[in-house]
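What's in final36.txt: compact mmCIF, C-alpha atoms
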# COMPACT_ATOMS: atom_id res chain seq x y z
CA MET S 1 68.04 101.61 63.47
CA LYS S 2 67.60 103.94 66.41
CA ARG S 3 66.26 101.13 68.59
CA PHE S 4 69.21 99.01 67.62
CA LEU S 5 71.62 101.77 68.56
CA VAL S 6 69.92 102.31 71.89
CA SER S 7 70.03 98.63 72.76
CA ALA S 8 73.59 98.32 71.52
CA SER S 9 74.77 101.20 73.67
CA PHE S 10 72.82 99.89 76.64
CA LEU S 11 74.44 96.51 76.17
CA ALA S 12 77.86 98.12 75.83
CA ALA S 13 77.30 100.12 79.02
CA LEU S 14 76.22 96.98 80.84
CA LEU S 15 79.21 94.98 79.63
CA SER S 16 81.62 97.77 80.52
CA GLN S 17 80.62 97.40 84.18
CA GLY S 18 83.07 94.53 84.13
CA GLY S 19 81.49 91.28 85.15
CA CYS S 20 82.79 90.10 88.50
CA ALA S 21 85.10 93.06 89.23
CA ARG S 22 84.17 95.10 92.28
CA PRO S 23 82.60 98.36 91.15
CA ASP S 24 84.37 101.65 91.84
CA ARG S 25 81.01 103.30 92.19
CA VAL S 26 79.04 101.76 95.04
CA SER S 27 75.49 102.73 95.61
CA ALA S 28 73.80 100.22 97.93
CA GLY S 29 72.16 102.03 100.80
CA GLU S 30 72.26 105.76 101.18
CA LEU S 31 75.95 106.57 100.91
CA ARG S 32 77.21 106.83 97.38
CA VAL S 33 80.92 106.59 96.59
CA ASP S 34 82.05 108.04 93.26
CA ALA S 35 85.16 108.57 91.19
CA ALA S 36 87.56 106.67 93.44
CA VAL S 37 91.08 107.13 92.08
CA ALA S 38 94.36 106.07 93.67
CA ARG S 39 97.16 108.27 92.36
CA LEU S 40 100.32 106.28 92.92
CA ALA S 41 103.76 107.83 93.14
CA PRO S 42 107.15 106.10 93.01
CA GLY S 43 108.24 104.47 96.24
CA GLY S 44 104.94 102.89 97.24
CA MET S 45 103.29 106.19 98.13
CA GLY S 46 99.90 107.28 96.99
CA ALA S 47 96.81 109.32 97.62
CA VAL S 48 93.22 108.24 97.13
CA TYR S 49 90.69 110.80 95.99
CA LEU S 50 86.95 110.17 95.86
CA GLU S 51 83.54 111.62 96.62
CA ILE S 52 81.03 110.31 99.10
CA THR S 53 77.48 111.61 98.94
CA ASN S 54 75.29 111.13 101.98
CA ALA S 55 71.74 110.83 100.73
CA SER S 56 70.44 109.65 104.09
CA ASP S 57 68.78 111.77 106.76
CA THR S 58 71.56 111.34 109.31
CA ASP S 59 75.01 112.84 109.46
CA ASP S 60 77.71 110.24 109.14
CA ARG S 61 81.49 110.08 109.26
CA LEU S 62 84.14 108.29 107.26
CA THR S 63 86.15 106.87 110.13
CA ALA S 64 88.81 104.81 108.43
CA VAL S 65 90.02 103.37 105.19
CA ASP S 66 91.58 99.95 105.00
CA ALA S 67 93.91 98.91 102.21
CA ALA S 68 94.67 95.51 103.69
CA GLY S 69 96.91 93.37 101.56
CA VAL S 70 98.02 96.34 99.51
CA GLY S 71 99.52 98.81 101.94
CA GLU S 72 98.69 101.20 104.74
CA ALA S 73 96.10 103.95 104.60
CA GLU S 74 95.48 107.03 106.73
CA LEU S 75 93.09 109.93 106.47
CA HIS S 76 94.90 113.23 105.96
CA GLU S 77 94.30 116.73 104.81
CA VAL S 78 96.69 119.16 103.16
CA VAL S 79 96.24 122.61 104.59
CA THR S 80 98.21 125.32 102.85
CA SER S 81 98.71 128.48 104.85
CA GLY S 82 100.84 131.02 103.04
CA ASP S 83 103.59 129.01 101.39
CA VAL S 84 103.65 126.07 103.71
CA ALA S 85 101.81 122.84 102.94
CA ARG S 86 100.95 121.06 106.16
CA MET S 87 99.59 117.58 106.25
CA VAL S 88 97.12 117.22 109.09
CA ALA S 89 96.18 113.74 110.27
CA HIS S 90 92.50 113.07 110.88
CA PRO S 91 92.28 109.99 113.08
CA GLU S 92 88.74 111.07 113.92
CA GLY S 93 87.79 110.79 110.25
CA PHE S 94 85.81 113.11 108.00
CA VAL S 95 82.24 114.17 108.66
CA ILE S 96 79.73 113.70 105.84
CA ARG S 97 76.63 115.69 106.70
CA LYS S 98 73.26 114.48 105.51
CA GLY S 99 72.52 115.65 102.01
CA GLU S 100 76.14 116.67 101.42
CA THR S 101 79.11 115.34 99.50
CA LEU S 102 82.52 114.82 101.04
CA ALA S 103 85.16 115.42 98.38
CA LEU S 104 88.67 114.09 98.76
CA GLN S 105 90.81 115.84 96.15
CA PRO S 106 94.38 116.91 95.32
CA GLY S 107 95.60 119.68 97.59
CA GLY S 108 92.95 118.87 100.21
CA LYS S 109 91.52 115.92 102.07
CA HIS S 110 92.79 112.57 100.88
CA VAL S 111 93.54 109.03 101.92
CA MET S 112 97.31 108.72 102.24
CA LEU S 113 98.58 105.38 101.01
CA PHE S 114 102.02 104.09 101.78
CA GLY S 115 103.89 100.85 101.64
CA VAL S 116 101.96 99.95 98.48
CA GLU S 117 103.55 96.84 97.12
CA ARG S 118 104.12 96.34 93.40
CA ALA S 119 102.40 99.62 92.62
CA ASP S 120 103.38 99.54 88.95
CA ASP S 121 101.51 96.27 88.39
CA ARG S 122 98.23 97.50 89.73
CA ARG S 123 95.14 98.61 87.83
CA THR S 124 93.00 99.05 90.92
CA ILE S 125 93.53 99.39 94.65
CA PRO S 126 90.89 97.56 96.71
CA LEU S 127 89.78 99.59 99.69
CA THR S 128 87.30 99.15 102.50
CA LEU S 129 85.69 102.36 103.69
CA ARG S 130 84.39 102.35 107.25
CA PHE S 131 81.75 104.65 108.60
CA GLU S 132 80.36 105.63 111.96
CA HIS S 133 76.79 104.66 111.08
CA ALA S 134 76.57 103.16 107.62
CA ARG S 135 77.97 99.71 107.05
CA SER S 136 81.41 99.49 105.48
CA ARG S 137 81.83 99.60 101.72
CA ASP S 138 84.28 97.86 99.48
CA VAL S 139 85.52 100.06 96.67
CA ASP S 140 88.05 99.51 93.90
CA ALA S 141 89.94 102.73 93.32
CA ARG S 142 91.25 103.04 89.78
CA ALA S 143 95.06 103.28 89.82
CA SER S 144 96.64 106.24 88.08
CA PHE S 145 100.33 107.04 88.08
CA ALA S 146 101.42 110.51 89.10
CA ALA S 147 104.72 110.22 87.26
CA SER S 148 103.27 109.22 83.95
CA THR S 149 100.08 111.25 83.83
CA PRO S 150 100.64 113.78 81.04
CA MET E 1 67.21 141.71 55.99
CA ASN E 2 68.01 138.33 57.44
CA CYS E 3 65.85 136.28 55.16
CA PRO E 4 66.73 132.61 55.01
CA SER E 5 67.92 131.53 51.62
CA GLY E 6 65.22 130.44 49.27
CA VAL E 7 62.93 133.31 48.54
CA PRO E 8 64.91 136.01 46.76
CA THR E 9 64.75 139.45 48.38
CA ILE E 10 63.84 142.60 46.49
CA THR E 11 67.47 143.58 45.88
CA GLU E 12 68.32 140.10 44.82
CA ARG E 13 65.51 140.06 42.33
CA ARG E 14 67.25 142.97 40.64
CA ALA E 15 70.18 140.73 39.81
CA SER E 16 69.43 139.72 36.29
CA THR E 17 71.08 136.30 36.07
CA PRO E 18 71.36 133.33 38.46
CA GLY E 19 75.13 133.89 38.42
CA ALA E 20 74.76 137.47 39.57
CA LEU E 21 72.30 136.42 42.27
CA TRP E 22 74.74 133.85 43.57
CA ARG E 23 77.56 136.39 43.58
CA ARG E 24 75.49 138.89 45.53
CA ARG E 25 74.46 136.33 48.14
CA THR E 26 78.00 134.99 48.44
CA THR E 27 79.43 138.46 48.82
CA ARG E 28 76.99 139.19 51.62
CA ALA E 29 77.82 135.92 53.33
CA VAL E 30 81.54 136.55 53.01
CA MET E 31 81.18 140.05 54.36
CA ARG E 32 79.15 138.77 57.28
CA ALA E 33 81.81 136.16 58.00
CA ALA E 34 84.57 138.76 57.74
CA LEU E 35 82.72 141.00 60.16
CA ILE E 36 82.35 138.17 62.66
CA CYS E 37 86.01 137.18 62.30
CA SER E 38 87.34 140.67 62.77
CA SER E 39 85.10 141.22 65.79
CA ALA E 40 86.41 138.02 67.29
CA LEU E 41 89.97 139.07 66.58
CA CYS E 42 89.36 142.46 68.11
CA ALA E 43 87.75 140.92 71.17
CA GLY E 44 90.63 138.49 71.45
CA ALA E 45 93.27 141.18 71.14
CA LEU E 46 91.45 143.35 73.62
CA SER E 47 91.15 140.63 76.25
CA LEU E 48 94.76 139.61 75.74
CA SER E 49 95.94 143.14 76.36
CA LEU E 50 93.66 143.42 79.37
CA LEU E 51 95.09 140.21 80.76
CA THR E 52 98.65 141.47 80.42
CA LEU E 53 97.69 144.76 81.96
CA GLY E 54 96.37 142.86 84.97
CA CYS E 55 99.78 141.30 85.61
CA GLY E 56 101.14 144.14 87.63
CA ASN E 57 103.88 146.45 86.58
CA THR E 58 106.40 143.69 85.89
CA GLY E 59 104.15 142.05 83.30
CA LEU E 60 104.84 138.73 85.06
CA HIS E 61 102.29 136.57 86.88
CA GLY E 62 104.42 135.12 89.66
CA ILE E 63 104.85 136.77 93.03
CA PRO E 64 107.88 139.04 92.61
CA MET E 65 110.66 138.69 95.14
CA ARG E 66 111.42 142.18 96.35
CA PRO E 67 113.93 143.52 96.64
CA LYS E 68 115.59 141.53 93.89
CA GLN E 69 118.32 139.43 95.49
CA GLN E 70 120.90 137.01 94.29
CA ALA E 71 119.63 133.47 94.79
CA PRO E 72 121.51 131.85 97.70
CA GLU E 73 124.10 129.39 96.46
CA ILE E 74 123.26 125.69 96.57
CA SER E 75 126.03 123.13 96.24
CA ALA E 76 124.72 119.60 96.43
CA GLU E 77 124.99 116.08 95.13
CA ASP E 78 122.57 115.63 92.29
CA THR E 79 120.73 112.72 90.74
CA SER E 80 122.73 112.84 87.50
CA GLY E 81 125.62 111.50 89.55
CA GLY E 82 127.43 114.82 89.68
CA SER E 83 127.92 117.82 91.91
CA PHE E 84 125.50 120.63 91.40
CA ASN E 85 126.23 124.32 91.89
CA LEU E 86 123.56 126.93 91.39
CA ARG E 87 126.32 129.27 90.19
CA GLY E 88 126.87 126.91 87.26
CA GLN E 89 123.32 127.57 86.09
CA ARG E 90 124.06 131.17 84.99
CA GLY E 91 122.59 131.71 81.58
CA ARG E 92 119.68 129.38 82.35
CA VAL E 93 116.41 130.05 84.10
CA VAL E 94 115.98 127.79 87.14
CA VAL E 95 112.77 126.46 88.69
CA LEU E 96 113.34 125.09 92.19
CA SER E 97 111.02 123.26 94.55
CA PHE E 98 111.43 121.53 97.89
CA GLY E 99 109.79 118.33 99.07
CA TYR E 100 110.31 114.65 99.75
CA THR E 101 109.48 111.37 98.08
CA SER E 102 107.26 110.02 100.89
CA CYS E 103 104.87 112.89 100.29
CA PRO E 104 101.51 111.52 99.12
CA ASP E 105 99.79 114.54 97.64
CA VAL E 106 101.65 117.85 97.24
CA CYS E 107 104.99 116.62 95.86
CA PRO E 108 103.59 114.30 93.17
CA MET E 109 101.45 117.25 92.10
CA THR E 110 104.46 119.60 92.10
CA LEU E 111 106.66 117.26 90.07
CA SER E 112 103.86 116.44 87.68
CA ARG E 113 103.52 120.16 87.03
CA MET E 114 107.25 120.56 86.55
CA LYS E 115 107.03 117.84 83.95
CA GLU E 116 104.20 119.68 82.23
CA LEU E 117 106.24 122.89 82.38
CA GLY E 118 109.18 121.17 80.73
CA ARG E 119 107.01 119.85 77.95
CA ARG E 120 105.37 123.20 77.27
CA LEU E 121 108.69 125.03 77.36
CA SER E 122 110.17 122.63 74.79
CA GLU E 123 107.20 123.34 72.57
CA ALA E 124 107.80 127.06 73.01
CA ARG E 125 111.47 126.46 72.23
CA ALA E 126 112.42 128.01 75.56
CA ALA E 127 114.07 124.86 76.79
CA ASP E 128 117.01 126.46 78.60
CA VAL E 129 115.23 126.05 81.92
CA SER E 130 116.62 123.84 84.69
CA MET E 131 114.16 122.07 86.97
CA LEU E 132 115.32 121.18 90.46
CA PHE E 133 113.79 119.27 93.39
CA LEU E 134 115.65 119.49 96.68
CA THR E 135 114.75 116.89 99.27
CA VAL E 136 113.93 117.97 102.81
CA ASP E 137 114.11 114.32 103.92
CA PRO E 138 117.62 113.00 103.26
CA GLU E 139 117.10 110.33 105.92
CA ARG E 140 114.68 108.34 103.77
CA ASP E 141 115.55 109.95 100.45
CA THR E 142 118.80 108.27 99.62
CA MET E 143 120.30 109.37 96.33
CA ALA E 144 118.99 106.19 94.71
CA ARG E 145 115.45 106.73 95.96
CA LEU E 146 115.51 110.38 94.97
CA ARG E 147 116.83 109.54 91.50
CA GLU E 148 114.15 106.90 90.94
CA TYR E 149 111.51 109.39 92.02
CA VAL E 150 112.42 112.47 89.96
CA GLN E 151 113.36 110.49 86.88
CA ALA E 152 110.04 108.64 86.94
CA PHE E 153 108.41 112.02 86.38
CA ASP E 154 110.89 113.48 83.92
CA PRO E 155 114.56 112.65 83.31
CA LYS E 156 115.17 116.39 82.94
CA ILE E 157 114.25 117.07 86.58
CA LEU E 158 117.35 117.12 88.73
CA GLY E 159 117.07 115.91 92.32
CA LEU E 160 119.36 117.55 94.89
CA ARG E 161 120.38 116.08 98.21
CA LEU E 162 121.97 117.80 101.19
CA THR E 163 122.27 116.64 104.77
CA GLY E 164 122.91 118.13 108.18
CA ALA E 165 124.14 121.71 108.45
CA PRO E 166 124.37 122.36 104.68
CA LEU E 167 120.71 121.35 104.37
CA SER E 168 119.61 123.57 107.25
CA SER E 169 121.56 126.51 105.78
CA ALA E 170 120.00 126.08 102.37
CA LEU E 171 116.49 125.86 103.82
CA LEU E 172 117.10 128.90 105.98
CA ALA E 173 118.53 130.87 103.06
CA TYR E 174 115.42 130.21 100.98
CA GLY E 175 113.02 130.67 103.88
CA VAL E 176 111.85 127.09 103.54
CA THR E 177 110.31 125.56 106.62
CA SER E 178 110.43 121.85 107.17
CA GLU E 179 108.84 120.15 110.16
CA ARG E 180 108.64 116.44 110.85
CA HIS E 181 105.53 114.74 112.23
CA ASP E 182 105.80 111.19 113.46
CA LEU E 183 102.82 108.89 113.38
CA PRO E 184 101.58 107.80 116.82
CA ALA E 185 103.98 105.13 118.06
CA ASP E 186 101.35 102.56 118.96
CA ARG E 187 99.57 102.70 115.64
CA TYR E 188 102.14 100.80 113.63
CA ALA E 189 103.70 98.78 116.40
CA GLY E 190 104.63 95.38 115.03
CA ARG E 191 103.70 96.31 111.46
CA PRO E 192 106.32 96.22 108.67
CA LEU E 193 106.66 100.01 108.49
CA GLU E 194 107.07 100.48 112.22
CA GLY E 195 109.11 103.56 112.93
CA ALA E 196 109.71 104.25 109.26
CA TYR E 197 106.85 106.53 108.65
CA TYR E 198 106.57 110.22 109.35
CA SER E 199 105.36 113.16 107.34
CA ILE E 200 107.06 116.50 106.80
CA ASP E 201 105.27 119.80 106.61
CA HIS E 202 107.21 121.95 104.20
CA THR E 203 107.16 125.06 102.07
CA SER E 204 105.51 124.21 98.81
CA GLY E 205 105.45 125.91 95.45
CA PHE E 206 108.14 127.04 93.05
CA TYR E 207 111.07 129.45 93.20
CA VAL E 208 112.20 130.99 89.93
CA ILE E 209 115.77 132.19 89.42
CA ASP E 210 116.71 134.17 86.33
CA LYS E 211 119.65 133.80 83.96
CA ALA E 212 121.72 136.27 85.98
CA GLY E 213 121.27 134.19 89.12
CA ASP E 214 118.75 136.45 90.82
CA LEU E 215 115.77 135.12 92.74
CA ARG E 216 112.87 136.70 90.88
CA LEU E 217 109.54 134.99 91.43
CA ARG E 218 107.56 132.62 93.62
CA PHE E 219 104.59 130.56 92.51
CA PRO E 220 102.21 128.66 94.78
CA ALA E 221 101.97 124.92 94.19
CA ASP E 222 98.67 125.30 92.36
CA ALA E 223 99.57 128.27 90.14
CA PRO E 224 98.15 127.90 86.62
CA VAL E 225 100.69 126.24 84.35
CA ASP E 226 99.94 128.79 81.61
CA GLU E 227 101.10 131.61 83.85
CA MET E 228 104.28 129.81 84.83
CA VAL E 229 105.09 129.01 81.21
CA SER E 230 104.48 132.60 80.19
CA ASP E 231 106.78 133.95 82.89
CA LEU E 232 109.53 131.41 82.22
CA VAL E 233 109.47 132.16 78.50
CA ALA E 234 109.76 135.87 79.33
CA LEU E 235 112.69 135.31 81.68
CA ALA E 236 114.39 132.99 79.21
CA ALA E 237 114.25 135.75 76.61
CA GLU E 238 115.78 138.34 78.90
CA GLY E 239 119.13 139.66 77.86
CA ASP E 240 118.76 138.23 74.35
CA ARG E 241 118.45 141.61 72.75
CA ARG E 242 121.75 142.95 74.03

Represent the structure contained in this file as C-alpha cells.
Amino acid sequence: MKRFLVSASFLAALLSQGGCARPDRVSAGELRVDAAVARLAPGGMGAVYLEITNASDTDDRLTAVDAAGVGEAELHEVVTSGDVARMVAHPEGFVIRKGETLALQPGGKHVMLFGVERADDRRTIPLTLRFEHARSRDVDARASFAASTP
Amino acid sequence: MNCPSGVPTITERRASTPGALWRRRTTRAVMRAALICSSALCAGALSLSLLTLGCGNTGLHGIPMRPKQQAPEISAEDTSGGSFNLRGQRGRVVVLSFGYTSCPDVCPMTLSRMKELGRRLSEARAADVSMLFLTVDPERDTMARLREYVQAFDPKILGLRLTGAPLSSALLAYGVTSERHDLPADRYAGRPLEGAYYSIDHTSGFYVIDKAGDLRLRFPADAPVDEMVSDLVALAAEGDRR
C-alpha cells in the first residue's frame, strides 16, 4: 500500500510538471530561477517577482528581461525613504553574487511590465532572462491578478 | 504522578469499583485540561494587554498626526460619476491614498490592501469607512481608466481625479510629493509605447481622517492590515457613546 502511494504521488508530481509547457522553475546550469510570478494590474501593467540563486563560483548579473510578444519589461527597484516610494531604474541590472540569491519581491526589486496585451486572458507570461555570464533562460512566470487576489 | 493509563496507581487502586476508578481518572484529566485552558487564557489576556500598552498613549497603531488638524478639503470628480467633497464625508472614517494606475508595484499593493481592509471592516460591522484613491497622474489616468482600475480591485474604492492647480494644491496640502521620471528617449524610439511611458515617484501609504473631519493617522504602505483594521474600528466607534 505504501509503495503504491509513493509511486502514485511520484507519478502525480511528474504529471503536474505539465508536459510540454515551459517550466517556471529552471535549473539547467548553475543559476536557478524559482517562484516566478507576474502580478498583473488593470491597464496592462505588472510586476514580476522571482528568485535567482547563483550556485556557481562566479558573480553574475541579471542584465535584462525580455517579454517579447507580450509587452515591455524593465528592471526597477522601489526604494521607500520616509513616506515617499521612489522607483529607481536599473539599466545596469541586478548583481547576483556567487552563492547568493537575488530576490525580486513586492516593495523592492522587480521587473516592471507594461503594455501587456490581453492580460486577463493569460495564465503565464513567457520571459527571457539575460545574464552577464550565464546563458539566457526562458521562464514562464505564473500570472496572478492584483485586483482579484483576496 | 504522570503514569500513562494502564497500570492503576496507588490512589486509584483505592477506588473500589471500575466506575469510581474511571471517575477519578476523568476528573484528573478534566482538571488538567482546565488548568491548561486557563493558563492559555491568562497568557492570551496578558499578551493582548501588553500589545495594547505598546501602542503609545493613544492606543492606536498608526502614526498620529500632531497637532490634530482638520483634513484639507478635497473637491474632485470621482469614479462614481459624481462630485466628491471631503466635507460630505463627515460621520464616516476616511482612508485616503495617492498613486497612479501605471504604477507596477506599490499602487497595486496599496489598493489590494484597501480591498482587504474593506472586507475585514465589513466583517467587523464597521463598514462606515470610505476608501479613496487620488491619482497623481491625470494625464494618463482619464476618469475611465481610473474607474476601471479602482473598481477592478473593489467597487467600494472611490477614485478621485484633479488636474492642474487644484491637483497641486491638494498634494501640497497633504504634503504629498509627486515627481515624474521619463524613460530614456532612445530606448523606446519607434516602439508602440514611445513617449507614453514615465514613472512617478510619490508619497505612498495611507492617510486616515476621522468622523469629525480631522486628519488623525498615517500608515506606511506596508503597515500590518490587522493594525489598520483595529485603528479604523476604534475611530469608527468614536462619538458613539455620546

Residue contacts of Ser144 in chain S (12 Å, only C-alpha atoms) excluding same-chain residues fewer than 5 positions away, as a PDB file with C-alpha atoms, in the frame of the given file:
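The new file out-v9.pdb reads:
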ATOM      1  CA  ALA S  36      87.560 106.670  93.440  1.00  0.00           C
ATOM      2  CA  VAL S  37      91.080 107.130  92.080  1.00  0.00           C
ATOM      3  CA  ALA S  38      94.360 106.070  93.670  1.00  0.00           C
ATOM      4  CA  ARG S  39      97.160 108.270  92.360  1.00  0.00           C
ATOM      5  CA  LEU S  40     100.320 106.280  92.920  1.00  0.00           C
ATOM      6  CA  ALA S  41     103.760 107.830  93.140  1.00  0.00           C
ATOM      7  CA  PRO S  42     107.150 106.100  93.010  1.00  0.00           C
ATOM      8  CA  GLY S  46      99.900 107.280  96.990  1.00  0.00           C
ATOM      9  CA  ALA S  47      96.810 109.320  97.620  1.00  0.00           C
ATOM     10  CA  VAL S  48      93.220 108.240  97.130  1.00  0.00           C
ATOM     11  CA  TYR S  49      90.690 110.800  95.990  1.00  0.00           C
ATOM     12  CA  ALA S 119     102.400  99.620  92.620  1.00  0.00           C
ATOM     13  CA  ASP S 120     103.380  99.540  88.950  1.00  0.00           C
ATOM     14  CA  ASP S 121     101.510  96.270  88.390  1.00  0.00           C
ATOM     15  CA  ARG S 122      98.230  97.500  89.730  1.00  0.00           C
ATOM     16  CA  ARG S 123      95.140  98.610  87.830  1.00  0.00           C
ATOM     17  CA  THR S 124      93.000  99.050  90.920  1.00  0.00           C
ATOM     18  CA  ILE S 125      93.530  99.390  94.650  1.00  0.00           C
ATOM     19  CA  THR S 149     100.080 111.250  83.830  1.00  0.00           C
ATOM     20  CA  PRO S 150     100.640 113.780  81.040  1.00  0.00           C
TER      21      PRO S 150
ATOM     22  CA  PRO E 108     103.590 114.300  93.170  1.00  0.00           C
TER      23      PRO E 108
END

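Between CA of Arg218 in chain E and CA of Asp201 in chain E there is a distance of 18.4 Å.
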
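The space separating CA of Val94 in chain E from CA of Asp210 in chain E comes to 6.5 Å.
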
Pick out the chain E residues within 9 Å of chain S. Count only C-alpha atoms. Give them as JSON, numbers by chain. {"E": [101, 102, 103, 104, 105, 106, 108, 109, 111, 112, 115, 116, 145, 148, 149, 150, 151, 152, 153, 154, 176, 177, 178, 179, 181, 183, 192, 193, 197, 199, 200, 201, 202, 203, 204, 205, 220, 221, 222]}

Hey, what's within 9 Å of Met143 in chain E if we count all atoms listed in the file and toss same-chain stuff fewer than 3 positions away? As an MDAnalysis selection string, please? chainID E and resid 77:79 81 138 146:148 159:161

Go ahead and compute the interatomic distance for CA of Arg32 in chain S and CA of Ile52 in chain S, in Å to one decimal.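 Result for CA of Arg32 in chain S versus CA of Ile52 in chain S: 5.4 Å, one decimal.
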
Ser122 in chain E surroundings by all atoms listed in the file, 12 Å radius, close-in-sequence under 5 positions cut, as JSON, numbers by chain: {"E": [115, 116, 117, 127, 128, 129, 130, 156, 229, 232, 233]}

Which residues, written as a list in words, have at least one atom at most 10 Å from Arg130 in chain S, with only C-alpha atoms counted and residues fewer than 2 positions away on the same chain left out?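 Near Arg130 in chain S, the qualifying residues are Arg61, Leu62, Thr63, Ala64, Val65, Asp66, Gly93, Leu127, Thr128, Glu132, His133, Ala134, Arg135, Ser136, Arg137 and Asp138 of chain S.
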
Residue nearest Ala68 in chain S - candidates S:Val95, S:Phe131, S:Ala143, S:Pro126, atoms counted: all atoms listed in the file: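 Among the listed residues, S:Pro126 lies closest to Ala68 in chain S.
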
Take the point (116.7, 124.0, 97.4) in the file's coordinates, draw a sphere of radius 9 Å around it, and report as a PyMOL selection string every protein, DNA or RNA residue with an atom inside or on it, counting all atoms listed in the file. chain E and resi 74+96-98+132-136+160-162+167+170-171+174+176+207

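Between Asp57 in chain S and the residues S:Glu74, S:Glu30, S:Glu92, S:Glu117, the shortest atom-to-atom distance, using all atoms listed in the file, involves S:Glu30.
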